[in-house]
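Participant: coords-v2.txt is reproduced below (compact mmCIF, C-alpha atoms).
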```txt
# COMPACT_ATOMS: atom_id res chain seq x y z
CA ILE A 1 120.53 -40.04 -27.74
CA GLY A 2 119.53 -38.27 -30.93
CA LEU A 3 119.96 -34.94 -29.11
CA LEU A 4 123.72 -35.53 -29.17
CA ASP A 5 123.56 -35.02 -32.91
CA LEU A 6 122.94 -31.35 -32.19
CA VAL A 7 126.43 -30.97 -30.71
CA PRO A 8 128.61 -29.34 -33.39
CA SER A 9 131.36 -31.40 -35.03
CA ILE A 10 131.58 -34.20 -32.46
CA GLY A 11 127.86 -34.94 -32.07
CA ARG A 12 127.82 -37.98 -34.36
CA PHE A 13 130.96 -39.39 -32.76
CA LEU A 14 129.36 -39.02 -29.32
CA ILE A 15 126.29 -40.91 -30.54
CA VAL A 16 128.39 -43.86 -31.68
CA LEU A 17 130.64 -43.72 -28.61
CA LEU A 18 127.70 -43.77 -26.19
CA THR A 19 125.57 -46.28 -28.11
CA PRO A 20 126.70 -49.27 -25.94
CA VAL A 21 125.93 -47.26 -22.79
CA PHE A 22 122.38 -46.42 -23.82
CA THR A 23 121.88 -49.94 -25.19
CA PHE A 24 122.76 -51.45 -21.83
CA LEU A 25 120.35 -49.06 -20.09
CA PHE A 26 117.52 -50.54 -22.14
CA ILE A 27 118.77 -54.10 -21.61
CA TYR A 28 119.12 -53.63 -17.86
CA THR A 29 115.63 -52.12 -17.68
CA CYS A 30 114.27 -55.20 -19.48
CA TYR A 31 116.14 -57.40 -16.99
CA ARG A 32 114.52 -55.64 -14.03
CA ILE A 33 111.07 -55.99 -15.59
CA ASP A 34 111.72 -59.65 -16.39
CA THR A 35 112.73 -60.36 -12.77
CA ASP A 36 109.76 -58.42 -11.31
CA GLN A 37 111.90 -55.63 -9.87
CA THR A 38 110.81 -52.03 -9.67
CA VAL A 39 111.87 -49.77 -12.51
CA TRP A 40 112.59 -46.20 -11.51
CA PHE A 41 114.86 -43.79 -13.36
CA LYS A 42 117.51 -43.82 -10.63
CA GLU A 43 117.44 -47.61 -10.31
CA ILE A 44 118.21 -48.33 -13.97
CA PHE A 45 121.68 -46.91 -13.37
CA ASN A 46 122.36 -49.53 -10.70
CA GLY A 47 123.76 -51.78 -13.42
CA PHE A 48 126.67 -49.41 -13.91
CA ASN A 49 129.91 -48.91 -12.11
CA GLY A 50 132.93 -46.95 -13.25
CA ARG A 51 134.66 -49.97 -14.77
CA THR A 52 131.55 -51.07 -16.71
CA PHE A 53 130.96 -47.55 -18.00
CA PHE A 54 134.57 -47.25 -19.20
CA ARG A 55 134.45 -50.62 -20.96
CA LEU A 56 131.22 -49.71 -22.72
CA LEU A 57 132.86 -46.50 -23.91
CA MET A 58 135.79 -48.55 -25.23
CA LEU A 59 133.30 -50.72 -27.09
CA GLY A 60 131.85 -47.56 -28.60
CA ALA A 61 135.38 -46.59 -29.62
CA CYS A 62 135.63 -49.92 -31.46
CA TYR A 63 132.47 -48.95 -33.34
CA ILE A 64 134.06 -45.65 -34.35
CA LEU A 65 137.25 -47.38 -35.49
CA PHE A 66 135.26 -49.78 -37.64
CA TYR A 67 133.19 -46.99 -39.18
CA LEU A 68 136.35 -45.06 -40.01
CA VAL A 69 137.69 -48.11 -41.86
CA VAL A 70 134.40 -48.41 -43.75
CA LEU A 71 134.52 -44.69 -44.52
CA ALA A 72 137.96 -45.07 -46.04
CA PHE A 73 136.61 -47.69 -48.46
CA VAL A 74 133.52 -45.60 -49.22
CA VAL A 75 135.74 -42.64 -50.12
CA ALA A 76 137.84 -44.87 -52.35
CA MET A 77 134.70 -46.11 -54.09
CA ASP A 78 133.13 -42.66 -54.45
CA VAL A 79 136.09 -41.50 -56.51
CA ASN A 80 135.25 -44.13 -59.12
CA LEU A 81 131.47 -43.93 -58.86
CA ALA A 82 131.19 -40.15 -59.04
CA SER A 83 131.02 -40.14 -62.84
CA VAL A 84 128.40 -42.91 -62.78
CA PHE A 85 126.06 -40.89 -60.56
CA ARG A 86 126.65 -37.69 -62.53
CA THR A 87 126.03 -39.17 -65.99
CA GLY A 88 123.64 -41.97 -65.09
CA GLU A 89 125.78 -44.49 -66.92
CA GLY A 90 126.07 -48.04 -65.67
CA ILE A 91 129.01 -49.50 -63.84
CA GLU A 92 129.97 -51.30 -67.03
CA LYS A 93 131.15 -47.93 -68.39
CA LEU A 94 134.00 -47.93 -65.90
CA SER A 95 137.37 -49.37 -66.72
CA ASP A 96 138.21 -52.92 -65.70
CA SER A 97 140.54 -51.70 -62.95
CA GLN A 98 137.86 -49.39 -61.53
CA GLN A 99 135.27 -52.15 -61.57
CA ASN A 100 137.67 -54.56 -59.88
CA LEU A 101 138.38 -52.00 -57.15
CA ILE A 102 134.68 -51.58 -56.46
CA TYR A 103 134.03 -55.33 -56.34
CA TRP A 104 137.03 -55.97 -54.12
CA SER A 105 135.97 -53.12 -51.81
CA LEU A 106 132.43 -54.50 -51.52
CA GLY A 107 133.74 -58.00 -50.95
CA PHE A 108 136.17 -56.83 -48.29
CA PHE A 109 133.42 -54.83 -46.59
CA MET A 110 131.14 -57.87 -46.34
CA ILE A 111 133.97 -60.10 -45.14
CA VAL A 112 134.80 -57.62 -42.38
CA TYR A 113 131.27 -56.47 -41.56
CA VAL A 114 129.70 -59.86 -40.80
CA PRO A 115 132.35 -60.87 -38.19
CA PHE A 116 132.15 -57.36 -36.73
CA VAL A 117 128.40 -57.67 -36.22
CA MET A 118 128.83 -61.11 -34.68
CA ALA A 119 131.58 -59.89 -32.35
CA THR A 120 129.63 -56.85 -31.13
CA TRP A 121 126.09 -58.24 -31.06
CA PHE A 122 126.20 -59.55 -27.49
CA ALA A 123 129.27 -57.63 -26.33
CA THR A 124 127.30 -54.91 -24.54
CA PRO A 125 125.29 -57.21 -22.19
CA LEU A 126 128.34 -59.43 -21.65
CA ILE A 127 130.28 -56.41 -20.40
CA GLY A 128 127.36 -55.23 -18.30
CA PHE A 129 126.17 -58.52 -16.82
CA LYS A 130 129.30 -60.68 -16.86
CA ASP A 131 131.84 -57.95 -16.06
CA MET A 132 133.96 -59.02 -19.04
CA SER A 133 136.73 -57.00 -20.60
CA VAL A 134 136.07 -55.61 -24.08
CA GLY A 135 138.27 -58.21 -25.79
CA LYS A 136 136.72 -61.11 -23.89
CA ALA A 137 133.19 -59.85 -24.56
CA LEU A 138 133.91 -59.56 -28.29
CA PHE A 139 135.31 -63.11 -28.29
CA TYR A 140 132.32 -64.69 -26.51
CA SER A 141 129.86 -62.61 -28.51
CA PHE A 142 131.35 -63.82 -31.78
CA PHE A 143 131.07 -67.50 -30.90
CA GLY A 144 127.67 -67.01 -29.27
CA ALA A 145 126.40 -65.43 -32.49
CA ALA A 146 128.04 -68.20 -34.52
CA ARG A 147 126.21 -70.82 -32.45
CA ALA A 148 122.88 -69.11 -33.20
CA PHE A 149 123.83 -67.92 -36.68
CA ARG A 150 120.59 -68.90 -38.45
CA SER A 151 118.50 -67.29 -35.73
CA LEU A 152 120.64 -64.17 -35.96
CA LEU A 153 120.12 -63.98 -39.73
CA SER A 154 116.36 -64.34 -39.27
CA TYR A 155 116.41 -61.64 -36.61
CA LEU A 156 118.39 -59.25 -38.82
CA PHE A 157 116.14 -59.97 -41.80
CA CYS A 158 113.03 -59.14 -39.76
CA TRP A 159 114.51 -55.84 -38.65
CA PHE A 160 115.60 -55.09 -42.21
CA MET A 161 111.99 -55.55 -43.38
CA ILE A 162 110.72 -53.40 -40.52
CA GLY A 163 113.21 -50.68 -41.47
CA LEU A 164 112.18 -50.92 -45.12
CA PHE A 165 108.52 -50.63 -44.12
CA LEU A 166 109.30 -47.54 -42.02
CA VAL A 167 111.08 -45.88 -44.95
CA VAL A 168 108.04 -46.45 -47.18
CA MET A 169 105.59 -45.24 -44.53
CA THR A 170 107.74 -42.20 -43.80
CA GLY A 171 107.53 -41.09 -47.41
CA PHE A 172 103.79 -41.81 -47.46
CA PHE A 173 102.91 -39.83 -44.32
CA VAL A 174 105.23 -36.90 -45.01
CA THR A 175 103.94 -36.58 -48.57
CA LEU A 176 100.26 -36.69 -47.63
CA PHE A 177 100.19 -34.99 -44.24
CA THR A 178 103.40 -32.87 -44.22
CA THR A 179 103.94 -31.56 -40.66
CA ALA A 180 101.42 -33.82 -38.95
CA GLY A 181 102.82 -36.77 -40.87
CA ALA A 182 106.35 -35.91 -39.79
CA ILE A 183 105.24 -35.88 -36.15
CA VAL A 184 103.56 -39.28 -36.52
CA VAL A 185 106.69 -40.68 -38.17
CA TRP A 186 108.89 -39.30 -35.38
CA ILE A 187 106.70 -40.87 -32.67
CA GLY A 188 106.68 -44.16 -34.56
CA SER A 189 110.46 -44.13 -34.98
CA VAL A 190 110.93 -43.58 -31.24
CA ILE A 191 108.66 -46.53 -30.43
CA VAL A 192 110.42 -48.80 -32.91
CA SER A 193 113.85 -47.70 -31.65
CA VAL A 194 112.92 -48.62 -28.07
CA TRP A 195 111.53 -51.92 -29.34
CA PHE A 196 114.77 -52.59 -31.21
CA TYR A 197 117.07 -51.90 -28.25
CA CYS A 198 114.89 -53.92 -25.89
CA SER A 199 114.94 -56.86 -28.30
CA PHE A 200 118.61 -57.39 -27.43
CA TYR A 201 117.63 -58.69 -23.99
CA PRO A 202 115.61 -61.79 -25.04
CA ALA A 203 118.22 -62.51 -27.73
CA TYR A 204 120.99 -62.41 -25.12
CA LYS A 205 118.94 -64.47 -22.66
CA ARG A 206 118.28 -67.10 -25.32
CA VAL A 207 121.97 -67.59 -26.07
CA PHE A 208 123.66 -66.97 -22.69
CA GLY A 209 120.87 -67.68 -20.23
CA GLN A 210 119.29 -65.61 -17.49
CA PRO A 211 121.58 -62.75 -16.41
CA ASP A 212 122.82 -62.72 -12.84
CA GLY A 213 122.19 -59.02 -12.47
CA GLN A 214 124.62 -56.15 -12.00
CA PRO A 215 128.35 -56.97 -11.91
```
Reformat the file's structure so that it appears as structure tokens.
Facilitator:
Amino acid sequence: IGLLDLVPSIGRFLIVLLTPVFTFLFIYTCYRIDTDQTVWFKEIFNGFNGRTFFRLLMLGACYILFYLVVLAFVVAMDVNLASVFRTGEGIEKLSDSQQNLIYWSLGFFMIVYVPFVMATWFATPLIGFKDMSVGKALFYSFFGAARAFRSLLSYLFCWFMIGLFLVVMTGFFVTLFTTAGAIVVWIGSVIVSVWFYCSFYPAYKRVFGQPDGQP
């Protein structure tokens, strides 16, 4: 999926738009392995039909819409923080109105972001396995995540620590081994990415039970 980033202008939008599609490919592959079915390249697409594919694209469009809203707030904040980054002065050097705008923007972002994560966390497998519409999948995903909220927080914290560890190791290997280190980091990031996407399957199975298979 990272190859889509090479497409000029729209590459990053395509990555976000197709993220639910590729995520479900990994989840469906895990399902076939879990149920002792054969896993061939052609067979992992058996979980798709035209309706499922379209709904997953619509879910990706919801991602894009959310990121655009976040971008709007980031742009609003950057206007006020530009002088801080240029001069190295603390946020206390800003006027009261500028500080309030930043705090309100951060607060609004967290208030919106947490429900968004909860609503989208299980939406992809619910669309793929349960043949739900996008709205219905978002609804059930939200309350499924709310029911397992503490487990979800622990899960996110573990992945946050893994990501932090990868950032540190990336700097270490690239600094010491340059090109060879960059190759090692790339291989490691691919392995961890596959691990991350596949981890959605046991999380979904824990909350919603064993999938029935393709819709």
Participant: How many Å separate CA of Gly50 (chain A) from CA of Pro211 (chain A)?
Facilitator: 19.7 Å
Participant: Check the smallest atom-to-atom distance from each of A:Leu14, A:Trp159, A:Phe129, A:Trp195 to Tyr31 (chain A) using all atoms listed in the file, then report the winner.
Facilitator: A:Phe129
Participant: Which distance in Å separates CA of Val21 (chain A) and CA of Lys136 (chain A), to one decimal?
Facilitator: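 Interatomic distance, CA of Val21 (chain A) to CA of Lys136 (chain A): 17.6 Å.
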Participant: Give me, please, the distance in Å between CA of Phe173 (chain A) and CA of Tyr197 (chain A), quoted to one decimal.
Facilitator: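 Between CA of Phe173 (chain A) and CA of Tyr197 (chain A) the gap is 24.6 Å.
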Participant: Rank nothing, just name the residue among A:Ser151, A:Thr29, A:Thr170, A:Thr19 nearest to Ile44 (chain A), using only C-alpha atoms.
Facilitator: A:Thr29
Participant: Counting only C-alpha atoms, which residue out of A:Phe142, A:Phe108, A:Trp121, A:Phe149 sits closest to Phe200 (chain A)?
Facilitator: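 Of the candidates, the smallest distance to Phe200 (chain A) is held by A:Trp121.
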Participant: Around (119.6, -63.2, -27.8), as given in the file, which residues come within 12 Å? Count all atoms listed in the file and list them as an NGL selection string.
Facilitator: :A and (27 or 118 or 121-126 or 141 or 144-149 or 151-156 or 197-211)
Participant: For the residues in that selection, give me C-alpha atoms as a JSON list (two decimals), keeping the file's coordinate frame.
Facilitator:
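Output below, filename part.json:
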```
[["chain", "number", "residue", "atom", "x", "y", "z"],
["A", 27, "ILE", "CA", 118.77, -54.10, -21.61],
["A", 118, "MET", "CA", 128.83, -61.11, -34.68],
["A", 121, "TRP", "CA", 126.09, -58.24, -31.06],
["A", 122, "PHE", "CA", 126.20, -59.55, -27.49],
["A", 123, "ALA", "CA", 129.27, -57.63, -26.33],
["A", 124, "THR", "CA", 127.30, -54.91, -24.54],
["A", 125, "PRO", "CA", 125.29, -57.21, -22.19],
["A", 126, "LEU", "CA", 128.34, -59.43, -21.65],
["A", 141, "SER", "CA", 129.86, -62.61, -28.51],
["A", 144, "GLY", "CA", 127.67, -67.01, -29.27],
["A", 145, "ALA", "CA", 126.40, -65.43, -32.49],
["A", 146, "ALA", "CA", 128.04, -68.20, -34.52],
["A", 147, "ARG", "CA", 126.21, -70.82, -32.45],
["A", 148, "ALA", "CA", 122.88, -69.11, -33.20],
["A", 149, "PHE", "CA", 123.83, -67.92, -36.68],
["A", 151, "SER", "CA", 118.50, -67.29, -35.73],
["A", 152, "LEU", "CA", 120.64, -64.17, -35.96],
["A", 153, "LEU", "CA", 120.12, -63.98, -39.73],
["A", 154, "SER", "CA", 116.36, -64.34, -39.27],
["A", 155, "TYR", "CA", 116.41, -61.64, -36.61],
["A", 156, "LEU", "CA", 118.39, -59.25, -38.82],
["A", 197, "TYR", "CA", 117.07, -51.90, -28.25],
["A", 198, "CYS", "CA", 114.89, -53.92, -25.89],
["A", 199, "SER", "CA", 114.94, -56.86, -28.30],
["A", 200, "PHE", "CA", 118.61, -57.39, -27.43],
["A", 201, "TYR", "CA", 117.63, -58.69, -23.99],
["A", 202, "PRO", "CA", 115.61, -61.79, -25.04],
["A", 203, "ALA", "CA", 118.22, -62.51, -27.73],
["A", 204, "TYR", "CA", 120.99, -62.41, -25.12],
["A", 205, "LYS", "CA", 118.94, -64.47, -22.66],
["A", 206, "ARG", "CA", 118.28, -67.10, -25.32],
["A", 207, "VAL", "CA", 121.97, -67.59, -26.07],
["A", 208, "PHE", "CA", 123.66, -66.97, -22.69],
["A", 209, "GLY", "CA", 120.87, -67.68, -20.23],
["A", 210, "GLN", "CA", 119.29, -65.61, -17.49],
["A", 211, "PRO", "CA", 121.58, -62.75, -16.41]]
```
Participant: Which of these residues is nearest to Tyr63 (chain A), using all atoms listed in the file: A:Met132, A:Val39, A:Ile183, A:Leu138?
Facilitator: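 Of all the options, A:Leu138 lies closest to Tyr63 (chain A).
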Participant: Would you kindly return, as a list in words, each protein, DNA or RNA residue with an atom no farther than 6 Å from any atom of Gly60 (chain A), considering only C-alpha atoms and excluding same-chain residues fewer than 2 positions away?
Facilitator: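 Returned residues: Val16, Leu17, Leu57, Met58, Cys62 and Tyr63 of chain A.
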Participant: For a quick check of understanding, using only C-alpha atoms, which of A:Thr175, A:Thr23, A:Glu43, A:Phe109 has the smallest distance to Leu71 (chain A)?
Facilitator: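 Under the stated criterion, the closest residue is A:Phe109.
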Participant: Complete region 17-28 of chain A with all heavy atoms (output as a PDB file, in the frame of the given file).
Facilitator:
```pdb
ATOM      1  N   LEU A  17     129.868 -43.386 -29.801  1.00  0.00           N
ATOM      2  CA  LEU A  17     130.640 -43.720 -28.610  1.00  0.00           C
ATOM      3  C   LEU A  17     129.742 -44.149 -27.457  1.00  0.00           C
ATOM      4  O   LEU A  17     130.071 -45.083 -26.709  1.00  0.00           O
ATOM      5  CB  LEU A  17     131.493 -42.514 -28.196  1.00  0.00           C
ATOM      6  CG  LEU A  17     132.477 -42.723 -27.039  1.00  0.00           C
ATOM      7  CD1 LEU A  17     133.591 -43.672 -27.452  1.00  0.00           C
ATOM      8  CD2 LEU A  17     133.065 -41.380 -26.597  1.00  0.00           C
ATOM      9  N   LEU A  18     128.598 -43.497 -27.313  1.00  0.00           N
ATOM     10  CA  LEU A  18     127.700 -43.770 -26.190  1.00  0.00           C
ATOM     11  C   LEU A  18     126.619 -44.797 -26.506  1.00  0.00           C
ATOM     12  O   LEU A  18     125.830 -45.139 -25.626  1.00  0.00           O
ATOM     13  CB  LEU A  18     127.039 -42.463 -25.726  1.00  0.00           C
ATOM     14  CG  LEU A  18     127.967 -41.431 -25.088  1.00  0.00           C
ATOM     15  CD1 LEU A  18     127.215 -40.134 -24.827  1.00  0.00           C
ATOM     16  CD2 LEU A  18     128.560 -41.959 -23.792  1.00  0.00           C
ATOM     17  N   THR A  19     126.583 -45.294 -27.739  1.00  0.00           N
ATOM     18  CA  THR A  19     125.570 -46.280 -28.110  1.00  0.00           C
ATOM     19  C   THR A  19     125.573 -47.501 -27.190  1.00  0.00           C
ATOM     20  O   THR A  19     124.499 -47.937 -26.733  1.00  0.00           O
ATOM     21  CB  THR A  19     125.744 -46.710 -29.574  1.00  0.00           C
ATOM     22  OG1 THR A  19     125.424 -45.606 -30.429  1.00  0.00           O
ATOM     23  CG2 THR A  19     124.837 -47.880 -29.912  1.00  0.00           C
ATOM     24  N   PRO A  20     126.732 -48.120 -26.868  1.00  0.00           N
ATOM     25  CA  PRO A  20     126.700 -49.270 -25.940  1.00  0.00           C
ATOM     26  C   PRO A  20     126.159 -48.908 -24.564  1.00  0.00           C
ATOM     27  O   PRO A  20     125.497 -49.734 -23.918  1.00  0.00           O
ATOM     28  CB  PRO A  20     128.167 -49.705 -25.872  1.00  0.00           C
ATOM     29  CG  PRO A  20     128.786 -49.195 -27.133  1.00  0.00           C
ATOM     30  CD  PRO A  20     128.102 -47.898 -27.401  1.00  0.00           C
ATOM     31  N   VAL A  21     126.421 -47.690 -24.108  1.00  0.00           N
ATOM     32  CA  VAL A  21     125.930 -47.260 -22.790  1.00  0.00           C
ATOM     33  C   VAL A  21     124.412 -47.209 -22.776  1.00  0.00           C
ATOM     34  O   VAL A  21     123.754 -47.770 -21.887  1.00  0.00           O
ATOM     35  CB  VAL A  21     126.526 -45.887 -22.409  1.00  0.00           C
ATOM     36  CG1 VAL A  21     125.948 -45.414 -21.079  1.00  0.00           C
ATOM     37  CG2 VAL A  21     128.044 -45.958 -22.342  1.00  0.00           C
ATOM     38  N   PHE A  22     123.836 -46.532 -23.765  1.00  0.00           N
ATOM     39  CA  PHE A  22     122.380 -46.420 -23.820  1.00  0.00           C
ATOM     40  C   PHE A  22     121.736 -47.787 -24.107  1.00  0.00           C
ATOM     41  O   PHE A  22     120.639 -48.077 -23.606  1.00  0.00           O
ATOM     42  CB  PHE A  22     121.979 -45.405 -24.885  1.00  0.00           C
ATOM     43  CG  PHE A  22     122.196 -43.986 -24.467  1.00  0.00           C
ATOM     44  CD1 PHE A  22     123.336 -43.296 -24.844  1.00  0.00           C
ATOM     45  CD2 PHE A  22     121.272 -43.338 -23.668  1.00  0.00           C
ATOM     46  CE1 PHE A  22     123.537 -41.991 -24.447  1.00  0.00           C
ATOM     47  CE2 PHE A  22     121.459 -42.024 -23.269  1.00  0.00           C
ATOM     48  CZ  PHE A  22     122.603 -41.345 -23.653  1.00  0.00           C
ATOM     49  N   THR A  23     122.411 -48.606 -24.910  1.00  0.00           N
ATOM     50  CA  THR A  23     121.880 -49.940 -25.190  1.00  0.00           C
ATOM     51  C   THR A  23     121.770 -50.748 -23.912  1.00  0.00           C
ATOM     52  O   THR A  23     120.760 -51.421 -23.667  1.00  0.00           O
ATOM     53  CB  THR A  23     122.788 -50.674 -26.196  1.00  0.00           C
ATOM     54  OG1 THR A  23     122.848 -49.932 -27.412  1.00  0.00           O
ATOM     55  CG2 THR A  23     122.245 -52.068 -26.487  1.00  0.00           C
ATOM     56  N   PHE A  24     122.805 -50.683 -23.065  1.00  0.00           N
ATOM     57  CA  PHE A  24     122.760 -51.450 -21.830  1.00  0.00           C
ATOM     58  C   PHE A  24     121.705 -50.899 -20.862  1.00  0.00           C
ATOM     59  O   PHE A  24     121.133 -51.656 -20.070  1.00  0.00           O
ATOM     60  CB  PHE A  24     124.122 -51.476 -21.143  1.00  0.00           C
ATOM     61  CG  PHE A  24     124.160 -52.376 -19.937  1.00  0.00           C
ATOM     62  CD1 PHE A  24     124.026 -53.750 -20.084  1.00  0.00           C
ATOM     63  CD2 PHE A  24     124.292 -51.848 -18.667  1.00  0.00           C
ATOM     64  CE1 PHE A  24     124.028 -54.583 -18.977  1.00  0.00           C
ATOM     65  CE2 PHE A  24     124.292 -52.671 -17.554  1.00  0.00           C
ATOM     66  CZ  PHE A  24     124.166 -54.044 -17.704  1.00  0.00           C
ATOM     67  N   LEU A  25     121.433 -49.601 -20.913  1.00  0.00           N
ATOM     68  CA  LEU A  25     120.350 -49.060 -20.090  1.00  0.00           C
ATOM     69  C   LEU A  25     119.025 -49.720 -20.436  1.00  0.00           C
ATOM     70  O   LEU A  25     118.249 -50.095 -19.546  1.00  0.00           O
ATOM     71  CB  LEU A  25     120.255 -47.535 -20.290  1.00  0.00           C
ATOM     72  CG  LEU A  25     121.301 -46.679 -19.583  1.00  0.00           C
ATOM     73  CD1 LEU A  25     121.117 -45.213 -19.955  1.00  0.00           C
ATOM     74  CD2 LEU A  25     121.219 -46.843 -18.068  1.00  0.00           C
ATOM     75  N   PHE A  26     118.751 -49.876 -21.722  1.00  0.00           N
ATOM     76  CA  PHE A  26     117.520 -50.540 -22.140  1.00  0.00           C
ATOM     77  C   PHE A  26     117.539 -52.013 -21.737  1.00  0.00           C
ATOM     78  O   PHE A  26     116.534 -52.545 -21.257  1.00  0.00           O
ATOM     79  CB  PHE A  26     117.359 -50.425 -23.662  1.00  0.00           C
ATOM     80  CG  PHE A  26     116.852 -49.091 -24.120  1.00  0.00           C
ATOM     81  CD1 PHE A  26     117.699 -48.191 -24.739  1.00  0.00           C
ATOM     82  CD2 PHE A  26     115.525 -48.732 -23.940  1.00  0.00           C
ATOM     83  CE1 PHE A  26     117.242 -46.962 -25.168  1.00  0.00           C
ATOM     84  CE2 PHE A  26     115.052 -47.498 -24.362  1.00  0.00           C
ATOM     85  CZ  PHE A  26     115.921 -46.610 -24.975  1.00  0.00           C
ATOM     86  N   ILE A  27     118.674 -52.674 -21.945  1.00  0.00           N
ATOM     87  CA  ILE A  27     118.770 -54.100 -21.610  1.00  0.00           C
ATOM     88  C   ILE A  27     118.594 -54.323 -20.118  1.00  0.00           C
ATOM     89  O   ILE A  27     117.891 -55.248 -19.688  1.00  0.00           O
ATOM     90  CB  ILE A  27     120.125 -54.664 -22.091  1.00  0.00           C
ATOM     91  CG1 ILE A  27     120.197 -54.643 -23.623  1.00  0.00           C
ATOM     92  CG2 ILE A  27     120.331 -56.087 -21.584  1.00  0.00           C
ATOM     93  CD1 ILE A  27     121.553 -55.045 -24.164  1.00  0.00           C
ATOM     94  N   TYR A  28     119.219 -53.478 -19.306  1.00  0.00           N
ATOM     95  CA  TYR A  28     119.120 -53.630 -17.860  1.00  0.00           C
ATOM     96  C   TYR A  28     117.696 -53.349 -17.370  1.00  0.00           C
ATOM     97  O   TYR A  28     117.200 -53.999 -16.438  1.00  0.00           O
ATOM     98  CB  TYR A  28     120.113 -52.708 -17.165  1.00  0.00           C
ATOM     99  CG  TYR A  28     120.181 -52.912 -15.671  1.00  0.00           C
ATOM    100  CD1 TYR A  28     120.738 -54.080 -15.145  1.00  0.00           C
ATOM    101  CD2 TYR A  28     119.676 -51.965 -14.784  1.00  0.00           C
ATOM    102  CE1 TYR A  28     120.801 -54.285 -13.772  1.00  0.00           C
ATOM    103  CE2 TYR A  28     119.732 -52.161 -13.417  1.00  0.00           C
ATOM    104  CZ  TYR A  28     120.292 -53.324 -12.913  1.00  0.00           C
ATOM    105  OH  TYR A  28     120.338 -53.523 -11.552  1.00  0.00           O
TER     106      TYR A  28
END
```
